[in-house]
>>> print(open('final13.cif').read())   # mmCIF, N, CA and C atoms
data_protein
#
loop_
_atom_site.label_atom_id
_atom_site.label_comp_id
_atom_site.auth_asym_id
_atom_site.auth_seq_id
_atom_site.Cartn_x
_atom_site.Cartn_y
_atom_site.Cartn_z
N MET A 1 -5.99 -7.74 -28.22
CA MET A 1 -5.16 -7.01 -27.28
C MET A 1 -3.73 -7.50 -27.41
N ASP A 2 -2.82 -6.56 -27.47
CA ASP A 2 -1.41 -6.88 -27.66
C ASP A 2 -0.77 -7.37 -26.36
N ILE A 3 0.24 -8.20 -26.54
CA ILE A 3 1.09 -8.66 -25.45
C ILE A 3 2.48 -8.10 -25.73
N PHE A 4 3.07 -7.45 -24.72
CA PHE A 4 4.39 -6.87 -24.88
C PHE A 4 5.42 -7.69 -24.11
N LYS A 5 6.60 -7.81 -24.69
CA LYS A 5 7.71 -8.50 -24.06
C LYS A 5 8.85 -7.51 -23.87
N ALA A 6 9.85 -7.90 -23.14
CA ALA A 6 11.01 -7.03 -22.88
C ALA A 6 11.86 -6.96 -24.14
N ASP A 7 11.42 -6.13 -25.09
CA ASP A 7 12.14 -6.03 -26.35
C ASP A 7 12.15 -4.58 -26.84
N GLU A 8 12.62 -4.41 -28.05
CA GLU A 8 12.77 -3.07 -28.62
C GLU A 8 11.43 -2.36 -28.84
N VAL A 9 10.39 -3.11 -29.14
CA VAL A 9 9.07 -2.51 -29.34
C VAL A 9 8.59 -1.84 -28.06
N LEU A 10 8.68 -2.55 -26.95
CA LEU A 10 8.28 -1.98 -25.67
C LEU A 10 9.22 -0.84 -25.27
N ALA A 11 10.51 -0.99 -25.51
CA ALA A 11 11.47 0.07 -25.20
C ALA A 11 11.10 1.35 -25.94
N ASN A 12 10.75 1.24 -27.22
CA ASN A 12 10.36 2.41 -28.00
C ASN A 12 9.09 3.06 -27.46
N LEU A 13 8.14 2.26 -27.00
CA LEU A 13 6.92 2.81 -26.39
C LEU A 13 7.25 3.58 -25.11
N LEU A 14 8.11 3.03 -24.29
CA LEU A 14 8.49 3.71 -23.05
C LEU A 14 9.18 5.03 -23.36
N ILE A 15 10.06 5.03 -24.33
CA ILE A 15 10.75 6.26 -24.73
C ILE A 15 9.75 7.29 -25.26
N LYS A 16 8.75 6.82 -26.00
CA LYS A 16 7.69 7.71 -26.51
C LYS A 16 6.98 8.42 -25.36
N TYR A 17 6.81 7.75 -24.23
CA TYR A 17 6.12 8.35 -23.08
C TYR A 17 7.09 9.05 -22.12
N GLY A 18 8.31 9.31 -22.55
CA GLY A 18 9.22 10.14 -21.78
C GLY A 18 10.22 9.40 -20.92
N PHE A 19 10.24 8.09 -20.96
CA PHE A 19 11.22 7.33 -20.18
C PHE A 19 12.59 7.45 -20.83
N LYS A 20 13.61 7.34 -19.99
CA LYS A 20 14.98 7.35 -20.49
C LYS A 20 15.65 6.04 -20.10
N ASP A 21 16.44 5.53 -21.03
CA ASP A 21 17.22 4.31 -20.77
C ASP A 21 18.45 4.74 -19.98
N ILE A 22 18.50 4.38 -18.71
CA ILE A 22 19.60 4.83 -17.85
C ILE A 22 20.54 3.68 -17.46
N ALA A 23 20.44 2.57 -18.15
CA ALA A 23 21.30 1.43 -17.82
C ALA A 23 22.75 1.80 -18.06
N ASP A 24 23.61 1.39 -17.16
CA ASP A 24 25.04 1.62 -17.34
C ASP A 24 25.67 0.38 -17.98
N ASP A 25 26.96 0.44 -18.22
CA ASP A 25 27.65 -0.68 -18.89
C ASP A 25 27.54 -1.98 -18.11
N ILE A 26 27.58 -1.88 -16.77
CA ILE A 26 27.48 -3.09 -15.94
C ILE A 26 26.12 -3.76 -16.15
N ASN A 27 25.05 -2.98 -16.12
CA ASN A 27 23.72 -3.54 -16.34
C ASN A 27 23.58 -4.12 -17.74
N ARG A 28 24.13 -3.43 -18.73
CA ARG A 28 24.02 -3.93 -20.11
C ARG A 28 24.74 -5.27 -20.27
N ASN A 29 25.87 -5.42 -19.60
CA ASN A 29 26.60 -6.69 -19.66
C ASN A 29 25.79 -7.82 -19.00
N GLU A 30 24.91 -7.47 -18.07
CA GLU A 30 24.07 -8.47 -17.40
C GLU A 30 22.70 -8.59 -18.08
N ASN A 31 22.58 -8.07 -19.29
CA ASN A 31 21.32 -8.08 -20.05
C ASN A 31 20.19 -7.38 -19.32
N LYS A 32 20.48 -6.25 -18.68
CA LYS A 32 19.47 -5.46 -18.00
C LYS A 32 19.39 -4.09 -18.66
N THR A 33 18.17 -3.62 -18.85
CA THR A 33 17.93 -2.28 -19.33
C THR A 33 17.00 -1.62 -18.33
N VAL A 34 17.34 -0.43 -17.89
CA VAL A 34 16.57 0.26 -16.86
C VAL A 34 15.99 1.54 -17.45
N PHE A 35 14.66 1.72 -17.29
CA PHE A 35 13.98 2.91 -17.78
C PHE A 35 13.41 3.67 -16.59
N LYS A 36 13.63 4.99 -16.58
CA LYS A 36 13.07 5.86 -15.56
C LYS A 36 12.61 7.15 -16.22
N LEU A 37 11.62 7.80 -15.59
CA LEU A 37 11.23 9.12 -16.07
C LEU A 37 12.25 10.17 -15.62
N ARG A 38 12.76 10.01 -14.42
CA ARG A 38 13.79 10.89 -13.87
C ARG A 38 14.91 10.03 -13.31
N ARG A 39 16.12 10.40 -13.60
CA ARG A 39 17.29 9.59 -13.23
C ARG A 39 17.34 9.25 -11.74
N GLN A 40 17.00 10.19 -10.86
CA GLN A 40 17.10 9.97 -9.42
C GLN A 40 15.89 9.25 -8.82
N SER A 41 14.88 8.98 -9.62
CA SER A 41 13.66 8.35 -9.12
C SER A 41 13.93 6.92 -8.67
N THR A 42 13.15 6.48 -7.67
CA THR A 42 13.23 5.08 -7.24
C THR A 42 12.23 4.21 -8.00
N ASN A 43 11.42 4.84 -8.85
CA ASN A 43 10.45 4.11 -9.67
C ASN A 43 11.10 3.76 -11.01
N SER A 44 10.99 2.50 -11.41
CA SER A 44 11.66 2.10 -12.65
C SER A 44 10.95 0.93 -13.31
N ILE A 45 11.24 0.80 -14.60
CA ILE A 45 10.84 -0.38 -15.37
C ILE A 45 12.14 -0.98 -15.88
N THR A 46 12.39 -2.23 -15.54
CA THR A 46 13.64 -2.89 -15.90
C THR A 46 13.37 -4.11 -16.76
N PHE A 47 14.12 -4.21 -17.84
CA PHE A 47 14.12 -5.44 -18.63
C PHE A 47 15.28 -6.26 -18.06
N ASP A 48 14.98 -7.34 -17.38
CA ASP A 48 15.97 -8.19 -16.75
C ASP A 48 15.95 -9.52 -17.50
N TYR A 49 16.83 -9.65 -18.45
CA TYR A 49 16.80 -10.78 -19.38
C TYR A 49 15.46 -10.76 -20.10
N ILE A 50 14.58 -11.72 -19.83
CA ILE A 50 13.29 -11.73 -20.52
C ILE A 50 12.17 -11.15 -19.65
N ASN A 51 12.45 -10.87 -18.39
CA ASN A 51 11.41 -10.38 -17.48
C ASN A 51 11.28 -8.86 -17.53
N ILE A 52 10.05 -8.41 -17.34
CA ILE A 52 9.75 -6.99 -17.19
C ILE A 52 9.46 -6.78 -15.71
N ARG A 53 10.28 -5.95 -15.07
CA ARG A 53 10.10 -5.70 -13.64
C ARG A 53 9.75 -4.23 -13.44
N VAL A 54 8.64 -3.97 -12.75
CA VAL A 54 8.20 -2.61 -12.45
C VAL A 54 8.35 -2.41 -10.95
N VAL A 55 9.09 -1.36 -10.57
CA VAL A 55 9.36 -1.08 -9.17
C VAL A 55 8.87 0.33 -8.83
N PHE A 56 8.09 0.43 -7.76
CA PHE A 56 7.69 1.72 -7.19
C PHE A 56 8.32 1.81 -5.82
N GLY A 57 9.17 2.80 -5.63
CA GLY A 57 9.89 2.92 -4.38
C GLY A 57 10.84 1.73 -4.26
N HIS A 58 10.64 0.94 -3.26
CA HIS A 58 11.49 -0.25 -3.07
C HIS A 58 10.66 -1.53 -3.15
N THR A 59 9.47 -1.42 -3.75
CA THR A 59 8.57 -2.56 -3.85
C THR A 59 8.43 -2.98 -5.31
N THR A 60 8.66 -4.26 -5.59
CA THR A 60 8.45 -4.78 -6.94
C THR A 60 6.95 -4.95 -7.14
N PHE A 61 6.44 -4.23 -8.11
CA PHE A 61 5.02 -4.15 -8.40
C PHE A 61 4.61 -5.21 -9.42
N LEU A 62 5.52 -5.54 -10.31
CA LEU A 62 5.26 -6.51 -11.37
C LEU A 62 6.59 -7.13 -11.77
N ASN A 63 6.59 -8.43 -12.02
CA ASN A 63 7.79 -9.13 -12.48
C ASN A 63 7.35 -10.31 -13.32
N ASN A 64 7.14 -10.06 -14.62
CA ASN A 64 6.61 -11.07 -15.53
C ASN A 64 7.38 -11.05 -16.85
N PRO A 65 7.33 -12.15 -17.60
CA PRO A 65 7.99 -12.15 -18.90
C PRO A 65 7.22 -11.38 -19.97
N SER A 66 5.95 -11.05 -19.70
CA SER A 66 5.17 -10.27 -20.67
C SER A 66 4.16 -9.41 -19.92
N ILE A 67 3.60 -8.45 -20.65
CA ILE A 67 2.63 -7.54 -20.06
C ILE A 67 1.57 -7.24 -21.12
N THR A 68 0.31 -7.28 -20.73
CA THR A 68 -0.77 -7.01 -21.69
C THR A 68 -0.89 -5.51 -21.92
N GLU A 69 -1.61 -5.16 -22.94
CA GLU A 69 -1.84 -3.74 -23.25
C GLU A 69 -2.53 -3.02 -22.09
N ALA A 70 -3.54 -3.66 -21.49
CA ALA A 70 -4.25 -3.05 -20.36
C ALA A 70 -3.32 -2.87 -19.16
N GLU A 71 -2.48 -3.86 -18.90
CA GLU A 71 -1.52 -3.75 -17.79
C GLU A 71 -0.52 -2.64 -18.06
N LEU A 72 -0.04 -2.55 -19.30
CA LEU A 72 0.92 -1.52 -19.65
C LEU A 72 0.30 -0.13 -19.51
N ARG A 73 -0.94 0.03 -19.92
CA ARG A 73 -1.64 1.31 -19.74
C ARG A 73 -1.67 1.70 -18.26
N THR A 74 -2.01 0.74 -17.41
CA THR A 74 -2.08 1.01 -15.97
C THR A 74 -0.72 1.38 -15.42
N VAL A 75 0.32 0.66 -15.81
CA VAL A 75 1.67 0.95 -15.35
C VAL A 75 2.09 2.36 -15.80
N LEU A 76 1.86 2.69 -17.07
CA LEU A 76 2.21 4.01 -17.56
C LEU A 76 1.46 5.09 -16.81
N LEU A 77 0.18 4.85 -16.56
CA LEU A 77 -0.61 5.82 -15.80
C LEU A 77 0.02 6.08 -14.44
N LEU A 78 0.41 5.02 -13.75
CA LEU A 78 0.99 5.17 -12.41
C LEU A 78 2.30 5.98 -12.44
N PHE A 79 3.04 5.88 -13.53
CA PHE A 79 4.26 6.67 -13.66
C PHE A 79 3.96 8.12 -14.02
N LEU A 80 2.91 8.36 -14.79
CA LEU A 80 2.65 9.69 -15.32
C LEU A 80 1.86 10.60 -14.39
N ILE A 81 1.09 10.03 -13.46
CA ILE A 81 0.31 10.86 -12.55
C ILE A 81 1.16 11.29 -11.36
N THR A 82 0.66 12.24 -10.60
CA THR A 82 1.40 12.73 -9.44
C THR A 82 1.36 11.71 -8.30
N PRO A 83 2.30 11.79 -7.36
CA PRO A 83 2.28 10.86 -6.22
C PRO A 83 0.96 10.93 -5.44
N LYS A 84 0.40 12.11 -5.30
CA LYS A 84 -0.87 12.25 -4.58
C LYS A 84 -2.00 11.53 -5.32
N GLU A 85 -2.01 11.66 -6.65
CA GLU A 85 -3.01 10.94 -7.44
C GLU A 85 -2.78 9.44 -7.37
N ARG A 86 -1.51 9.03 -7.33
CA ARG A 86 -1.17 7.61 -7.25
C ARG A 86 -1.71 7.00 -5.96
N GLN A 87 -1.74 7.80 -4.88
CA GLN A 87 -2.27 7.30 -3.61
C GLN A 87 -3.74 6.93 -3.71
N GLU A 88 -4.47 7.58 -4.60
CA GLU A 88 -5.88 7.24 -4.81
C GLU A 88 -6.04 5.84 -5.40
N LEU A 89 -5.01 5.39 -6.13
CA LEU A 89 -5.11 4.13 -6.85
C LEU A 89 -4.42 2.96 -6.17
N MET A 90 -3.39 3.23 -5.40
CA MET A 90 -2.64 2.12 -4.84
C MET A 90 -2.24 2.39 -3.41
N SER A 91 -2.26 1.34 -2.64
CA SER A 91 -1.73 1.41 -1.28
C SER A 91 -0.49 0.52 -1.26
N GLU A 92 0.42 0.82 -0.42
CA GLU A 92 1.67 0.04 -0.36
C GLU A 92 1.49 -1.14 0.56
N PRO A 93 1.99 -2.27 0.27
CA PRO A 93 2.28 -2.76 -1.06
C PRO A 93 1.01 -3.30 -1.71
N CYS A 94 0.98 -3.32 -3.02
CA CYS A 94 -0.17 -3.88 -3.72
C CYS A 94 0.30 -4.46 -5.04
N GLU A 95 -0.61 -5.10 -5.74
CA GLU A 95 -0.29 -5.71 -7.02
C GLU A 95 -1.03 -4.98 -8.12
N LEU A 96 -0.60 -5.22 -9.34
CA LEU A 96 -1.20 -4.57 -10.50
C LEU A 96 -2.70 -4.84 -10.58
N SER A 97 -3.10 -6.06 -10.29
CA SER A 97 -4.53 -6.40 -10.35
C SER A 97 -5.34 -5.60 -9.34
N ASP A 98 -4.73 -5.28 -8.18
CA ASP A 98 -5.41 -4.45 -7.18
C ASP A 98 -5.69 -3.05 -7.73
N VAL A 99 -4.72 -2.49 -8.44
CA VAL A 99 -4.89 -1.16 -9.02
C VAL A 99 -5.94 -1.20 -10.12
N GLN A 100 -5.91 -2.24 -10.96
CA GLN A 100 -6.91 -2.34 -12.02
C GLN A 100 -8.31 -2.49 -11.44
N ASN A 101 -8.45 -3.23 -10.35
CA ASN A 101 -9.75 -3.35 -9.68
C ASN A 101 -10.18 -2.01 -9.09
N ARG A 102 -9.22 -1.28 -8.53
CA ARG A 102 -9.53 0.05 -7.97
C ARG A 102 -10.01 1.00 -9.06
N ILE A 103 -9.41 0.93 -10.24
CA ILE A 103 -9.83 1.77 -11.36
C ILE A 103 -11.27 1.44 -11.76
N LYS A 104 -11.62 0.15 -11.79
CA LYS A 104 -12.99 -0.26 -12.10
C LYS A 104 -13.97 0.30 -11.07
N LEU A 105 -13.58 0.23 -9.79
CA LEU A 105 -14.43 0.77 -8.73
C LEU A 105 -14.60 2.29 -8.86
N ILE A 106 -13.53 2.98 -9.22
CA ILE A 106 -13.60 4.43 -9.41
C ILE A 106 -14.55 4.77 -10.55
N LYS A 107 -14.46 4.03 -11.65
CA LYS A 107 -15.37 4.28 -12.78
C LYS A 107 -16.82 4.10 -12.35
N ALA A 108 -17.08 3.05 -11.59
CA ALA A 108 -18.45 2.82 -11.10
C ALA A 108 -18.88 3.93 -10.15
N GLU A 109 -17.97 4.35 -9.29
CA GLU A 109 -18.26 5.43 -8.34
C GLU A 109 -18.56 6.73 -9.08
N LEU A 110 -17.80 7.01 -10.13
CA LEU A 110 -18.02 8.23 -10.89
C LEU A 110 -19.39 8.23 -11.56
N GLU A 111 -19.82 7.10 -12.06
CA GLU A 111 -21.13 7.01 -12.68
C GLU A 111 -22.25 7.14 -11.65
N PHE A 112 -22.05 6.57 -10.48
CA PHE A 112 -23.08 6.55 -9.45
C PHE A 112 -23.21 7.89 -8.73
N GLU A 113 -22.08 8.55 -8.46
CA GLU A 113 -22.10 9.72 -7.59
C GLU A 113 -22.12 11.05 -8.33
N ARG A 114 -22.62 11.10 -9.53
CA ARG A 114 -22.70 12.35 -10.28
C ARG A 114 -23.84 13.25 -9.79
N LYS A 115 -24.66 12.69 -8.94
CA LYS A 115 -25.79 13.46 -8.44
C LYS A 115 -25.32 14.51 -7.46
N GLU A 116 -26.15 14.97 -6.60
CA GLU A 116 -25.80 16.03 -5.66
C GLU A 116 -24.79 15.54 -4.62
N VAL A 117 -23.63 16.17 -4.66
CA VAL A 117 -22.60 15.89 -3.67
C VAL A 117 -22.02 17.21 -3.20
N GLY A 118 -21.39 17.20 -2.05
CA GLY A 118 -20.77 18.41 -1.53
C GLY A 118 -19.57 18.82 -2.37
N LYS A 119 -19.09 20.04 -2.13
CA LYS A 119 -17.96 20.56 -2.91
C LYS A 119 -16.69 19.72 -2.74
N LEU A 120 -16.41 19.29 -1.52
CA LEU A 120 -15.21 18.50 -1.28
C LEU A 120 -15.28 17.18 -2.04
N GLN A 121 -16.42 16.51 -1.98
CA GLN A 121 -16.60 15.25 -2.71
C GLN A 121 -16.56 15.51 -4.21
N GLN A 122 -17.11 16.64 -4.66
CA GLN A 122 -17.11 16.96 -6.09
C GLN A 122 -15.67 17.15 -6.59
N ARG A 123 -14.83 17.81 -5.79
CA ARG A 123 -13.42 17.99 -6.17
C ARG A 123 -12.71 16.64 -6.28
N ARG A 124 -12.97 15.75 -5.33
CA ARG A 124 -12.37 14.42 -5.35
C ARG A 124 -12.81 13.67 -6.61
N LEU A 125 -14.11 13.74 -6.92
CA LEU A 125 -14.62 13.06 -8.11
C LEU A 125 -14.00 13.65 -9.38
N GLU A 126 -13.82 14.96 -9.42
CA GLU A 126 -13.19 15.58 -10.59
C GLU A 126 -11.74 15.12 -10.73
N LYS A 127 -11.04 15.01 -9.61
CA LYS A 127 -9.65 14.53 -9.64
C LYS A 127 -9.61 13.08 -10.14
N LEU A 128 -10.52 12.25 -9.64
CA LEU A 128 -10.58 10.86 -10.09
C LEU A 128 -10.91 10.80 -11.58
N GLN A 129 -11.81 11.67 -12.04
CA GLN A 129 -12.17 11.69 -13.45
C GLN A 129 -10.95 12.06 -14.30
N ARG A 130 -10.12 12.99 -13.84
CA ARG A 130 -8.91 13.35 -14.58
C ARG A 130 -7.96 12.16 -14.68
N ILE A 131 -7.87 11.38 -13.60
CA ILE A 131 -7.01 10.19 -13.62
C ILE A 131 -7.53 9.19 -14.66
N ILE A 132 -8.83 8.95 -14.65
CA ILE A 132 -9.43 8.00 -15.61
C ILE A 132 -9.26 8.52 -17.03
N ASP A 133 -9.46 9.82 -17.24
CA ASP A 133 -9.27 10.40 -18.58
C ASP A 133 -7.83 10.22 -19.05
N ARG A 134 -6.90 10.38 -18.13
CA ARG A 134 -5.49 10.22 -18.47
C ARG A 134 -5.21 8.76 -18.88
N LEU A 135 -5.80 7.82 -18.14
CA LEU A 135 -5.64 6.40 -18.48
C LEU A 135 -6.16 6.12 -19.88
N GLU A 136 -7.33 6.65 -20.17
CA GLU A 136 -7.95 6.37 -21.47
C GLU A 136 -7.26 7.10 -22.61
N SER A 137 -6.45 8.11 -22.30
CA SER A 137 -5.74 8.83 -23.36
C SER A 137 -4.43 8.13 -23.77
N ILE A 138 -4.02 7.13 -23.00
CA ILE A 138 -2.79 6.40 -23.33
C ILE A 138 -3.09 5.45 -24.49
N THR A 139 -2.41 5.68 -25.60
CA THR A 139 -2.65 4.86 -26.79
C THR A 139 -1.34 4.26 -27.29
N PHE A 140 -1.48 3.17 -27.99
CA PHE A 140 -0.33 2.51 -28.58
C PHE A 140 -0.58 2.32 -30.07
N GLU A 141 0.33 2.82 -30.85
CA GLU A 141 0.26 2.60 -32.28
C GLU A 141 1.06 1.35 -32.59
N PRO A 142 0.63 0.59 -33.59
CA PRO A 142 1.41 -0.61 -33.93
C PRO A 142 2.83 -0.21 -34.27
N GLN A 143 3.80 -0.86 -33.65
CA GLN A 143 5.20 -0.53 -33.89
C GLN A 143 5.96 -1.80 -34.21
N GLN A 144 6.98 -1.63 -34.98
CA GLN A 144 7.84 -2.75 -35.34
C GLN A 144 9.20 -2.54 -34.71
N ALA A 145 9.85 -3.62 -34.35
CA ALA A 145 11.22 -3.52 -33.86
C ALA A 145 12.11 -3.10 -35.01
N THR A 146 13.07 -2.21 -34.73
CA THR A 146 13.96 -1.75 -35.80
C THR A 146 15.30 -2.42 -35.72
#
>>> encode(input="final13.cif", output="structure tokens")
Amino acid sequence: MDIFKADEVLANLLIKYGFKDIADDINRNENKTVFKLRRQSTNSITFDYINIRVVFGHTTFLNNPSITEAELRTVLLLFLITPKERQELMSEPCELSDVQNRIKLIKAELEFERKEVGKLQQRRLEKLQRIIDRLESITFEPQQAT
């Protein structure tokens, strides 16, 4: 499993998934790079010197010098799904490990509850299955810094 650091390799992966580098000259002078899917969003991934900081709203979700492949998949998933889907995975405030544990519980729930359930529960399970499918579709090809 790969470990990612706040460098060009991770920046290229974020750009591949639709993030834009929106850092201004002031941030660049302070060795900060800010990535967002939408410029006006309060959700961001920031390279702050050597640290990778992930912010949802006004809450710092992650602030580490490195991130594992599994953690990066989870972070990307949280950015790519809708806010309503995100509510299924995280409550405010929470940590990355809480979301990863919630995903494990959802997978177990999906396997267990495939039997007879009502239509409302079936729709919820289908929505959760789409979230899990989206997580599993996130792939990383080996990349080199240029």
>>> select_by_dssp(input="final13.cif", residues="chain A", states="alpha helix (DSSP H)", output="PyMOL selection string")
chain A and resi 8-16+25-29+69-80+83-89+96-112+119-137
>>> residues_around(input="final13.cif", residues="range 135-141 of chain A", least_positions_apart="4", cutoff="8 Å", atoms="only N, CA and C atoms", output="list in words")
Leu13, Arg73, Thr74, Leu76, Leu77, Leu78, Gln129, Arg130 and Ile131 of chain A
>>> closest_residue(input="final13.cif", among="A:Leu96, A:Lys20, A:Ile50, A:Glu30", to="Asp7 in chain A", atoms="only N, CA and C atoms")
A:Ile50
>>> resolve_selection(input="final13.cif", expression="the PyMOL selection byres ((chain A and resi 19) around 8)", output="ChimeraX atom specification")
/A:13-18,20-22,34-38
>>> residues_around(input="final13.cif", residues="Leu128 in chain A", least_positions_apart="6", cutoff="10 Å", atoms="only C-alpha atoms", output="PyMOL selection string")
chain A and resi 85+88-89+103+106-107+109-110+122+134
>>> closest_residue(input="final13.cif", among="A:Lys104, A:Arg123, A:Lys32, A:Lys84", to="Ile52 in chain A", atoms="only C-alpha atoms")
A:Lys32
>>> resolve_selection(input="final13.cif", expression="the PyMOL selection byres (((chain A and resi 10 and name CA) around 10) and name CA)", output="ChimeraX atom specification")
/A:3-9,11-16,47,52,67,72,143-145
>>> atom_distance(input="final13.cif", atom1="CA of Leu80 in chain A", atom2="atom C of Ala108 in chain A")
22.9 Å
>>> closest_residue(input="final13.cif", among="A:Glu111, A:Asp2, A:Asp48, A:Asn101", to="Ala70 in chain A", atoms="all atoms listed in the file")
A:Asp2
>>> closest_residue(input="final13.cif", among="A:Glu95, A:Phe79, A:Thr33, A:Arg86", to="Thr60 in chain A", atoms="only C-alpha atoms")
A:Glu95
>>> atom_distance(input="final13.cif", atom1="atom N of Ala23 in chain A", atom2="CA of Gln40 in chain A")
11.9 Å
>>> resolve_selection(input="final13.cif", expression="the PyMOL selection byres (((chain A and resi 43 and name CA) around 7) and name CA)", output="JSON, numbers by chain")
{"A": [36, 41, 42, 44, 55, 56, 57]}
>>> atom_distance(input="final13.cif", atom1="atom C of Val54 in chain A", atom2="atom C of Ile132 in chain A")
21.6 Å
>>> residues_around(input="final13.cif", residues="Arg53 in chain A", least_positions_apart="3", cutoff="5 Å", atoms="all atoms listed in the file", output="ChimeraX atom specification")
/A:45-46,62-63
